[in-house]
file coords10.txt (compact mmCIF, C-alpha atoms and all ligand atoms)
# COMPACT_ATOMS: atom_id res chain seq x y z
CA MET V 1 -135.70 95.47 -198.04
CA THR V 2 -133.64 98.66 -197.82
CA ASP V 3 -135.62 101.74 -198.81
CA ARG V 4 -134.85 102.54 -202.44
CA GLN V 5 -135.72 105.36 -204.78
CA GLN V 6 -137.03 104.62 -208.28
CA LYS V 7 -134.14 106.60 -209.70
CA ILE V 8 -130.83 105.60 -211.30
CA ALA V 9 -127.46 107.15 -210.47
CA ILE V 10 -125.04 107.53 -213.37
CA ILE V 11 -121.64 107.75 -211.75
CA THR V 12 -119.61 110.28 -213.69
CA ASP V 13 -117.79 113.59 -213.43
CA ASP V 14 -118.28 114.28 -217.09
CA PRO V 15 -121.89 113.52 -218.17
CA GLY V 16 -121.48 114.77 -221.79
CA TRP V 17 -122.67 112.76 -224.78
CA HIS V 18 -122.41 109.38 -223.01
CA GLY V 19 -124.42 110.62 -220.01
CA ARG V 20 -127.13 111.95 -222.32
CA GLN V 21 -127.23 108.69 -224.30
CA LEU V 22 -127.64 106.67 -221.10
CA GLN V 23 -130.29 109.03 -219.72
CA ALA V 24 -132.31 108.77 -222.94
CA SER V 25 -132.16 104.95 -222.93
CA LEU V 26 -133.06 104.80 -219.25
CA LYS V 27 -136.02 107.08 -219.99
CA ASP V 28 -137.17 104.56 -222.63
CA HIS V 29 -137.41 102.08 -219.74
CA GLY V 30 -139.43 104.64 -217.76
CA LEU V 31 -136.46 105.34 -215.49
CA VAL V 32 -135.41 108.72 -214.17
CA SER V 33 -131.67 109.19 -213.72
CA GLN V 34 -129.21 111.66 -212.33
CA CYS V 35 -125.45 112.04 -212.79
CA VAL V 36 -123.47 111.82 -209.57
CA SER V 37 -119.80 112.41 -208.87
CA LEU V 38 -118.19 110.01 -206.41
CA THR V 39 -116.33 113.03 -205.03
CA ASP V 40 -119.66 114.32 -203.62
CA CYS V 41 -120.71 111.10 -201.83
CA ILE V 42 -120.48 110.57 -198.08
CA ILE V 43 -120.11 107.37 -196.07
CA ALA V 44 -121.33 107.54 -192.45
CA ILE V 45 -120.80 104.76 -189.96
CA LYS V 46 -123.27 104.98 -187.09
CA ASP V 47 -124.52 102.81 -184.22
CA ASP V 48 -126.99 101.04 -186.49
CA GLY V 49 -124.46 100.45 -189.31
CA PRO V 50 -123.15 102.23 -192.39
CA THR V 51 -125.13 104.66 -194.52
CA LEU V 52 -124.34 106.39 -197.77
CA SER V 53 -125.48 109.75 -199.05
CA LEU V 54 -125.50 110.54 -202.73
CA PRO V 55 -126.25 114.11 -203.81
CA GLY V 56 -129.78 114.35 -205.23
CA PHE V 57 -130.88 111.07 -203.64
CA THR V 58 -132.98 110.94 -200.47
CA SER V 59 -132.53 107.15 -200.25
CA LEU V 60 -130.47 104.55 -202.10
CA PRO V 61 -130.80 104.54 -205.90
CA LEU V 62 -132.47 101.72 -207.81
CA GLY V 63 -129.12 101.04 -209.46
CA LEU V 64 -125.82 102.69 -210.34
CA PHE V 65 -124.29 102.78 -213.79
CA VAL V 66 -120.58 103.52 -213.39
CA ARG V 67 -119.36 105.65 -216.30
CA GLY V 68 -116.25 107.05 -214.70
CA ILE V 69 -114.14 107.23 -211.58
CA PRO V 70 -112.03 110.38 -211.51
CA ASP V 71 -108.27 110.26 -211.04
CA GLY V 72 -106.87 111.32 -207.72
CA SER V 73 -104.44 110.33 -205.02
CA LEU V 74 -104.23 106.63 -204.17
CA GLU V 75 -106.34 107.39 -201.07
CA GLN V 76 -109.01 109.21 -203.10
CA VAL V 77 -109.26 106.43 -205.68
CA ILE V 78 -109.49 103.78 -202.95
CA PHE V 79 -112.16 105.79 -201.13
CA ARG V 80 -114.17 106.17 -204.36
CA LEU V 81 -113.99 102.43 -204.87
CA ASP V 82 -114.98 101.95 -201.21
CA ILE V 83 -118.17 103.89 -201.95
CA LEU V 84 -118.98 101.52 -204.82
CA HIS V 85 -118.15 98.50 -202.64
CA ALA V 86 -120.39 99.86 -199.87
CA LEU V 87 -123.27 100.41 -202.31
CA HIS V 88 -122.78 96.90 -203.68
CA ALA V 89 -122.68 95.43 -200.15
CA LEU V 90 -125.92 97.26 -199.29
CA GLY V 91 -127.61 95.38 -202.11
CA ASN V 92 -127.46 97.98 -204.88
CA THR V 93 -126.89 97.00 -208.47
CA VAL V 94 -123.53 98.55 -209.31
CA TYR V 95 -122.79 98.10 -213.01
CA ASN V 96 -119.98 97.11 -213.65
CA THR V 97 -119.41 95.63 -210.21
CA PRO V 98 -116.67 97.33 -208.16
CA ARG V 99 -114.64 94.13 -208.10
CA ALA V 100 -114.77 93.79 -211.89
CA ILE V 101 -113.80 97.46 -212.28
CA GLU V 102 -110.82 96.92 -209.96
CA ARG V 103 -109.66 93.89 -211.92
CA ALA V 104 -109.94 95.64 -215.28
CA VAL V 105 -108.53 99.03 -214.28
CA ASP V 106 -105.43 97.37 -212.87
CA LYS V 107 -103.35 96.50 -215.95
CA PRO V 108 -100.96 94.08 -214.17
CA LEU V 109 -103.85 92.18 -212.55
CA THR V 110 -105.69 91.94 -215.89
CA SER V 111 -102.55 90.67 -217.64
CA LEU V 112 -101.94 88.14 -214.87
CA LEU V 113 -105.50 86.81 -214.87
CA LEU V 114 -105.71 86.58 -218.66
CA SER V 115 -102.34 84.90 -219.02
CA HIS V 116 -103.11 82.51 -216.15
CA SER V 117 -106.26 81.48 -218.03
CA GLY V 118 -104.24 80.69 -221.12
CA LEU V 119 -105.39 83.74 -223.07
CA PRO V 120 -102.81 85.41 -225.32
CA SER V 121 -101.28 88.41 -223.54
CA PRO V 122 -98.24 90.29 -224.84
CA ILE V 123 -94.95 89.45 -223.14
CA THR V 124 -94.89 91.76 -220.11
CA TRP V 125 -92.69 92.49 -217.09
CA ILE V 126 -93.88 94.37 -214.02
CA CYS V 127 -91.43 95.45 -211.36
CA GLU V 128 -90.53 98.25 -208.97
CA SER V 129 -86.76 98.11 -209.33
CA HIS V 130 -85.28 100.60 -211.76
CA GLU V 131 -82.26 98.32 -212.08
CA HIS V 132 -84.39 95.30 -213.08
CA ALA V 133 -86.37 97.39 -215.54
CA ALA V 134 -83.14 98.70 -217.10
CA THR V 135 -81.80 95.14 -217.40
CA ILE V 136 -85.00 93.96 -219.12
CA LEU V 137 -84.80 96.88 -221.55
CA ASP V 138 -81.14 96.07 -222.30
CA GLN V 139 -81.92 92.40 -222.90
CA GLU V 140 -84.87 93.15 -225.14
CA THR V 141 -83.16 95.84 -227.20
CA ALA V 142 -80.20 93.48 -227.67
CA LYS V 143 -82.72 91.16 -229.41
CA GLY V 144 -83.88 94.07 -231.60
CA LYS V 145 -87.15 94.50 -229.67
CA GLN V 146 -88.83 97.66 -228.40
CA LEU V 147 -90.83 97.93 -225.19
CA VAL V 148 -94.01 99.82 -224.33
CA LEU V 149 -94.04 101.43 -220.89
CA LYS V 150 -97.56 102.03 -219.52
CA PRO V 151 -99.03 103.68 -216.44
CA LEU V 152 -100.79 100.98 -214.39
CA PHE V 153 -104.13 102.79 -214.29
CA GLY V 154 -103.85 104.63 -217.63
CA SER V 155 -106.52 105.13 -220.25
CA GLN V 156 -107.08 106.75 -223.66
CA GLY V 157 -103.46 106.17 -224.61
CA VAL V 158 -102.23 108.84 -222.21
CA GLY V 159 -98.71 108.39 -220.83
CA VAL V 160 -97.69 105.31 -222.84
CA HIS V 161 -94.09 105.42 -224.09
CA LEU V 162 -92.16 103.42 -226.65
CA LEU V 163 -88.70 102.51 -225.40
CA ASP V 164 -85.66 101.48 -227.35
CA LYS V 165 -81.91 101.55 -226.82
CA ALA V 166 -81.69 105.25 -227.61
CA SER V 167 -84.56 106.35 -225.32
CA GLY V 168 -83.51 104.20 -222.37
CA LEU V 169 -85.94 104.01 -219.44
CA ILE V 170 -88.15 107.09 -219.42
CA HIS V 171 -89.03 108.78 -216.14
CA ASP V 172 -92.60 109.93 -215.80
CA GLU V 173 -94.41 110.61 -212.53
CA LYS V 174 -97.45 108.80 -213.93
CA PHE V 175 -95.61 105.51 -213.43
CA ALA V 176 -95.67 106.05 -209.67
CA GLY V 177 -92.66 103.84 -209.06
CA ILE V 178 -93.85 100.77 -211.02
CA TYR V 179 -92.57 99.66 -214.40
CA TYR V 180 -95.14 97.91 -216.59
CA LEU V 181 -93.04 96.97 -219.60
CA GLN V 182 -94.55 95.19 -222.55
CA ARG V 183 -92.97 93.92 -225.72
CA PHE V 184 -93.99 96.12 -228.64
CA ILE V 185 -96.23 94.28 -231.09
CA GLN V 186 -94.95 94.83 -234.59
CA GLN V 187 -97.75 94.75 -237.16
CA GLN V 188 -97.91 93.80 -240.79
CA ASN V 189 -96.78 96.54 -243.20
CA ASN V 190 -95.91 98.61 -240.12
CA ASP V 191 -99.63 99.34 -239.74
CA PHE V 192 -100.89 101.07 -236.63
CA THR V 193 -104.20 99.39 -235.81
CA ASP V 194 -105.97 97.69 -232.97
CA ILE V 195 -109.41 96.20 -232.51
CA ARG V 196 -112.02 97.28 -229.99
CA VAL V 197 -114.72 94.71 -229.21
CA LEU V 198 -117.80 95.54 -227.15
CA VAL V 199 -118.91 92.59 -225.04
CA VAL V 200 -122.22 92.79 -223.16
CA ASP V 201 -123.52 89.95 -220.98
CA GLY V 202 -120.81 87.65 -222.25
CA ILE V 203 -121.58 88.22 -225.93
CA ALA V 204 -119.40 90.15 -228.39
CA ARG V 205 -121.88 92.63 -229.89
CA ALA V 206 -119.78 94.80 -232.16
CA ALA V 207 -116.23 95.64 -233.11
CA MET V 208 -114.24 98.31 -234.86
CA LEU V 209 -110.78 98.69 -236.23
CA ARG V 210 -108.92 101.75 -234.96
CA ARG V 211 -106.34 103.06 -237.38
CA GLY V 212 -103.80 105.50 -236.04
CA ARG V 213 -101.23 107.72 -237.70
CA ALA V 214 -98.80 106.65 -235.01
CA TRP V 215 -98.50 103.56 -232.85
CA VAL V 216 -100.98 104.66 -230.12
CA THR V 217 -104.33 103.88 -231.73
CA ASN V 218 -106.80 105.22 -229.18
CA ARG V 219 -109.59 107.33 -230.68
CA ALA V 220 -108.70 109.99 -228.10
CA GLN V 221 -105.26 110.13 -229.78
CA GLY V 222 -106.78 110.77 -233.19
CA ALA V 223 -107.24 107.23 -234.56
CA ILE V 224 -109.96 106.71 -237.18
CA CYS V 225 -112.71 104.16 -236.44
CA GLU V 226 -113.67 101.65 -239.13
CA PRO V 227 -116.40 98.99 -239.00
CA LEU V 228 -115.12 95.45 -238.52
CA ILE V 229 -116.84 92.13 -238.99
CA MET V 230 -115.64 89.86 -236.19
CA ASP V 231 -114.29 86.43 -237.02
CA LYS V 232 -114.68 83.51 -234.62
CA ASN V 233 -111.27 84.05 -233.10
CA ILE V 234 -111.94 87.70 -232.21
CA VAL V 235 -115.30 86.76 -230.70
CA ARG V 236 -113.76 83.94 -228.68
CA LEU V 237 -110.91 86.06 -227.30
CA ALA V 238 -113.07 89.04 -226.35
CA GLU V 239 -115.76 86.89 -224.73
CA SER V 240 -113.20 84.74 -222.87
CA ALA V 241 -111.44 87.84 -221.52
CA CYS V 242 -114.73 89.10 -220.07
CA GLN V 243 -115.50 85.69 -218.62
CA VAL V 244 -112.11 85.60 -216.89
CA LEU V 245 -112.62 89.09 -215.43
CA ASP V 246 -116.26 88.28 -214.58
CA ILE V 247 -117.46 91.57 -215.98
CA ASN V 248 -120.96 92.52 -217.18
CA TYR V 249 -119.77 94.57 -220.12
CA ALA V 250 -116.42 95.77 -221.43
CA GLY V 251 -114.48 97.19 -224.32
CA VAL V 252 -111.79 94.64 -225.10
CA ASP V 253 -108.70 95.79 -227.02
CA LEU V 254 -106.95 93.29 -229.28
CA MET V 255 -103.87 93.57 -231.48
CA GLN V 256 -102.55 91.31 -234.21
CA ASP V 257 -98.82 90.89 -234.86
CA LYS V 258 -97.21 90.47 -238.27
CA LYS V 259 -97.65 86.69 -238.10
CA GLY V 260 -101.39 87.09 -237.51
CA GLN V 261 -101.26 86.13 -233.82
CA PHE V 262 -103.81 88.01 -231.67
CA TYR V 263 -103.06 89.47 -228.24
CA ILE V 264 -105.44 90.89 -225.66
CA ILE V 265 -104.09 94.31 -224.78
CA GLU V 266 -106.59 95.39 -222.16
CA VAL V 267 -110.16 95.14 -220.93
CA ASN V 268 -111.90 98.48 -220.35
CA SER V 269 -114.54 98.38 -217.62
CA MET V 270 -115.85 101.90 -218.33
CA PRO V 271 -115.36 102.16 -222.09
CA ALA V 272 -116.46 105.17 -224.13
CA TRP V 273 -118.53 104.17 -227.19
CA TYR V 274 -118.75 107.39 -229.23
CA GLY V 275 -116.37 106.01 -231.88
CA LEU V 276 -117.95 102.56 -231.98
CA GLN V 277 -121.44 104.09 -232.24
CA SER V 278 -120.35 105.84 -235.44
CA VAL V 279 -119.71 102.49 -237.19
CA VAL V 280 -122.55 100.27 -235.90
CA ASP V 281 -126.23 100.33 -236.73
CA PHE V 282 -127.71 99.64 -233.30
CA ASN V 283 -127.97 101.89 -230.26
CA ILE V 284 -125.11 100.96 -227.91
CA ALA V 285 -126.50 102.90 -224.93
CA ALA V 286 -129.80 101.02 -225.33
CA CYS V 287 -127.94 97.69 -225.40
CA LEU V 288 -126.02 98.61 -222.21
CA VAL V 289 -129.12 99.89 -220.45
CA ASP V 290 -131.09 96.72 -221.36
CA SER V 291 -128.35 94.67 -219.72
CA PHE V 292 -128.18 97.02 -216.69
CA VAL V 293 -131.95 96.90 -216.17
CA LYS V 294 -131.88 93.10 -216.43
CA GLN V 295 -129.19 93.08 -213.76
CA ILE V 296 -131.33 95.27 -211.48
CA ALA V 297 -134.25 92.87 -211.89
CA LEU V 298 -132.05 89.84 -211.10
CA ASN V 299 -130.58 91.59 -208.09
CA ASN V 300 -134.01 92.52 -206.74
CA GLN V 301 -135.25 88.92 -207.16
CA LEU V 302 -132.21 87.72 -205.25
CA HIS V 303 -132.93 90.11 -202.39
CA ASP V 304 -136.62 89.21 -202.32
CA CYS V 305 -135.64 85.51 -202.10
CA ARG V 306 -133.19 86.26 -199.26
CA GLU V 307 -135.90 88.12 -197.37
CA LEU V 308 -138.35 85.24 -197.76
CA SER V 309 -135.89 82.57 -196.65
N1 LIG X 1 -97.65 95.92 -226.59
C1 LIG X 1 -98.02 96.85 -227.48
N2 LIG X 1 -97.49 96.87 -228.72
C2 LIG X 1 -97.85 97.81 -229.63
N3 LIG X 1 -98.74 98.78 -229.38
C3 LIG X 1 -99.33 98.80 -228.15
C4 LIG X 1 -99.00 97.84 -227.14
N4 LIG X 1 -99.71 98.12 -226.04
C5 LIG X 1 -100.47 99.20 -226.33
N5 LIG X 1 -100.24 99.61 -227.60
C6 LIG X 1 -100.90 100.75 -228.26
O1 LIG X 1 -101.15 101.73 -227.28
C7 LIG X 1 -102.56 101.92 -227.13
C8 LIG X 1 -102.90 102.18 -225.66
O2 LIG X 1 -102.53 101.06 -224.88
P1 LIG X 1 -103.51 100.43 -223.82
O3 LIG X 1 -102.78 99.33 -223.13
O4 LIG X 1 -104.79 100.05 -224.48
O5 LIG X 1 -103.70 101.62 -222.77
P2 LIG X 1 -104.90 102.67 -222.56
O6 LIG X 1 -105.55 102.21 -221.30
O7 LIG X 1 -104.21 103.99 -222.41
O8 LIG X 1 -105.83 102.59 -223.74
C9 LIG X 1 -103.20 100.67 -227.71
O9 LIG X 1 -104.50 100.93 -228.16
C10 LIG X 1 -102.24 100.33 -228.85
O10 LIG X 1 -102.48 101.16 -229.98
MG MG X 2 -106.78 100.82 -224.55
call {"tool": "encode", "arguments": {"input": "coords10.txt", "output": "C-alpha cells"}}
result
Amino acid sequence: MTDRQQKIAIITDDPGWHGRQLQASLKDHGLVSQCVSLTDCIIAIKDDGPTLSLPGFTSLPLGLFVRGIPDGSLEQVIFRLDILHALHALGNTVYNTPRAIERAVDKPLTSLLLSHSGLPSPITWICESHEHAATILDQETAKGKQLVLKPLFGSQGVGVHLLDKASGLIHDEKFAGIYYLQRFIQQQNNDFTDIRVLVVDGIARAAMLRRGRAWVTNRAQGAICEPLIMDKNIVRLAESACQVLDINYAGVDLMQDKKGQFYIIEVNSMPAWYGLQSVVDFNIAACLVDSFVKQIALNNQLHDCRELS
C-alpha cells in the first residue's frame, strides 16, 4: 500500500470557524489535521509515475476533507480539481469525491441530472447565445414571469440577478458567456424563504428555514436561520437529490412555490454549516467527521482487499 501519514488534510483557503470545528472533531477521533490550500500543491510526473506534494505532508495524507476550492481562472479551477482527482486515483479518501464536487458545483449539470431523474427542478434554460437568451426573456415576461440569472459556479447568493421586462438581459462578467436562466419561484404571501437540508450518508439529518429580507435568501446575504422540522416530502427530495449526485454529504436547497410545490434549487458539495449549527442540537462537524472517518476505513479495507487479491 502507498505510504501514508496518520494525518488528515483539510482542503481550504479559509480555515476559520469551520476549520476549527473539523479539527476539534478529528481530534476526538485521535486524528491530527492540517489545513492545506490547493494553490500550494504540486503534481510531478516522473519515470515511475505521478506523485503529489502537499505542504506540511511528507507522504500522502490519511484522508482529505474538502472544505473549499478557491475561485480562479478556468485553468486554475481545473488544475485544482485535477489534484483532487489525482489524490483520489492514488487511493486517498477525498471527501466529497472530486466527481461529486464537479457534479454539484456545476449548476447546469446538477439541474440536468435531477430533472432527468424525475426530481422537481425549476424551469430552466441554459444557452450561450445572447439572442436566444433575449428571446426566452421576452417570451417569459410576456407571460408575466420573471427570470433568475445565475453564474454557473456561483455560491452564497453572489451574482444572481432577477430579470424582468424593464431590466432586460443583464451583462455581468461572472456569467462568462453562458446564460443560466431560471423561472422565478413566486412564494406564498410574497415570502422570501428557502430550505436548507443537510444530508449525510444518504440521510437527511437536519434542516432550517432561511428567511430573507429580499429574494436572495442565503445566510451570507443576511437571511435569518430558523429551525425546521422536516416532513416526509422534504426528506425524500433532499435524500433523492444526493443519491442522484452520488455524494457523501451535501447541503440541499429547496424552495416552495405559492401552490406548495417543492423545487430543488441546488446541491452544495462544500456547504457551510454555521447557520444550521445555530438551530440544531447536535454537533454537525462531529456528524461529518464520523462519516468521513467511516469512509476512510471503508477505503482502506478496499485497498487491503485489492492488495490481497
Ligand atoms: N428560481 C428561483 N426563484 C426564486 N428564488 C431563487 C431561485 N433560484 C435561486 N433563488 C434564490 O437565490 C438564492 C441563491 O440561489 P442558488 O441557486 O442557491 O445559488 P447560490 O449557489 O449562490 O446559493 C436561493 O437561496 C434563493 O433564495
Ligand atoms: Mg444556494
call {"tool": "closest_residue", "arguments": {"input": "coords10.txt", "among": "V:Val66, V:Val267, V:Ala241, V:Ile8", "to": "ligand LIG 1 (chain X)", "atoms": "all atoms listed in the file"}}
result
V:Val267
call {"tool": "closest_atom_pairs", "arguments": {"input": "coords10.txt", "of": "chain V", "to": "ligand MG 2 (chain X)", "cutoff": "7 Å", "atoms": "all atoms listed in the file", "output": "CSV"}}
result
residue,atom,partner,partner_atom,distance
V:Ser155,CA,X:MG2,MG,6.1
V:Gln156,CA,X:MG2,MG,6.0
V:Gly157,CA,X:MG2,MG,6.3
V:Asn218,CA,X:MG2,MG,6.4
V:Asp253,CA,X:MG2,MG,5.9
V:Glu266,CA,X:MG2,MG,5.9
call {"tool": "atom_distance", "arguments": {"input": "coords10.txt", "atom1": "atom C1 of ligand LIG 1 (chain X)", "atom2": "atom CA of V:Asp13"}}
result
29.5 Å
call {"tool": "axis_aligned_box", "arguments": {"input": "coords10.txt", "around": "ligand LIG 1 (chain X)", "padding_each_side": "4 Å", "output": "lines of an AutoDock Vina configuration file"}}
result
center_x = -101.7
center_y = 100.0
center_z = -225.6
size_x = 16.3
size_y = 16.1
size_z = 16.7
call {"tool": "closest_residue", "arguments": {"input": "coords10.txt", "among": "V:Ile136, V:Leu119, V:Ala9, V:Leu54", "to": "V:Leu22", "atoms": "all atoms listed in the file"}}
result
V:Ala9
call {"tool": "atom_distance", "arguments": {"input": "coords10.txt", "atom1": "atom CA of V:Val199", "atom2": "atom CA of V:Cys242"}}
result
7.4 Å
call {"tool": "residues_near_point", "arguments": {"input": "coords10.txt", "point": "(-106.4, 109.2, -209.0)", "cutoff": "12 Å", "atoms": "all atoms listed in the file", "output": "PyMOL selection string"}}
result
chain V and resi 39+68-81+105+151-155+174+176
call {"tool": "closest_residue", "arguments": {"input": "coords10.txt", "among": "V:Gly16, V:Pro108, V:Gly91, V:Gly118", "to": "ligand LIG 1 (chain X)", "atoms": "all atoms listed in the file"}}
result
V:Pro108
call {"tool": "residues_near_ligand", "arguments": {"input": "coords10.txt", "ligand": "ligand LIG 1 (chain X)", "cutoff": "9 Å", "atoms": "all atoms listed in the file", "output": "PyMOL selection string"}}
result
chain V and resi 105+107+121-124+146-162+181-187+192-196+210-212+214-219+223+252-255+257+263+265-268
call {"tool": "atom_distance", "arguments": {"input": "coords10.txt", "atom1": "atom CA of V:Arg67", "atom2": "atom CA of V:Ile10"}}
result
6.7 Å
call {"tool": "closest_residue", "arguments": {"input": "coords10.txt", "among": "V:Lys27, V:His85, V:Lys258, V:Arg236", "to": "V:Asn190", "atoms": "all atoms listed in the file"}}
result
V:Lys258
call {"tool": "residues_around", "arguments": {"input": "coords10.txt", "residues": "V:Asp246", "least_positions_apart": "6", "cutoff": "10 Å", "atoms": "only C-alpha atoms", "output": "compact mmCIF listing (two decimals) with C-alpha atoms, in the frame of the given file"}}
result
# COMPACT_ATOMS: atom_id res chain seq x y z
CA ASN V 96 -119.98 97.11 -213.65
CA THR V 97 -119.41 95.63 -210.21
CA ARG V 99 -114.64 94.13 -208.10
CA ALA V 100 -114.77 93.79 -211.89
CA ILE V 101 -113.80 97.46 -212.28
CA ARG V 103 -109.66 93.89 -211.92
CA ALA V 104 -109.94 95.64 -215.28
CA ASP V 201 -123.52 89.95 -220.98
CA GLY V 202 -120.81 87.65 -222.25
CA SER V 240 -113.20 84.74 -222.87
call {"tool": "residues_around", "arguments": {"input": "coords10.txt", "residues": "V:Thr135", "least_positions_apart": "6", "cutoff": "12 Å", "atoms": "all atoms listed in the file", "output": "PDB file with C-alpha atoms, keeping the file's coordinate frame"}}
result
ATOM      1  CA  TRP V 125     -92.690  92.490-217.090  1.00  0.00           C
ATOM      2  CA  CYS V 127     -91.430  95.450-211.360  1.00  0.00           C
ATOM      3  CA  SER V 129     -86.760  98.110-209.330  1.00  0.00           C
ATOM      4  CA  THR V 141     -83.160  95.840-227.200  1.00  0.00           C
ATOM      5  CA  ALA V 142     -80.200  93.480-227.670  1.00  0.00           C
ATOM      6  CA  LYS V 165     -81.910 101.550-226.820  1.00  0.00           C
ATOM      7  CA  GLY V 168     -83.510 104.200-222.370  1.00  0.00           C
ATOM      8  CA  LEU V 169     -85.940 104.010-219.440  1.00  0.00           C
ATOM      9  CA  LEU V 181     -93.040  96.970-219.600  1.00  0.00           C
TER      10      LEU V 181
END
call {"tool": "residues_near_point", "arguments": {"input": "coords10.txt", "point": "(-113.3, 103.0, -236.1)", "cutoff": "8 Å", "atoms": "only C-alpha atoms", "output": "MDAnalysis selection string"}}
result
chainID V and resid 208:211 219 223:227 275:276 278:279
call {"tool": "closest_residue", "arguments": {"input": "coords10.txt", "among": "V:His88, V:Lys232, V:His29, V:Lys143", "to": "V:Ser291", "atoms": "all atoms listed in the file"}}
result
V:His29
call {"tool": "closest_residue", "arguments": {"input": "coords10.txt", "among": "V:Ala206, V:Gly49, V:Pro98, V:Asn248", "to": "V:Val293", "atoms": "all atoms listed in the file"}}
result
V:Asn248
call {"tool": "residues_around", "arguments": {"input": "coords10.txt", "residues": "V:Asn92", "least_positions_apart": "3", "cutoff": "10 Å", "atoms": "all atoms listed in the file", "output": "MDAnalysis selection string"}}
result
chainID V and resid 2 4 60:64 84:89 95 97 296 299:300 303
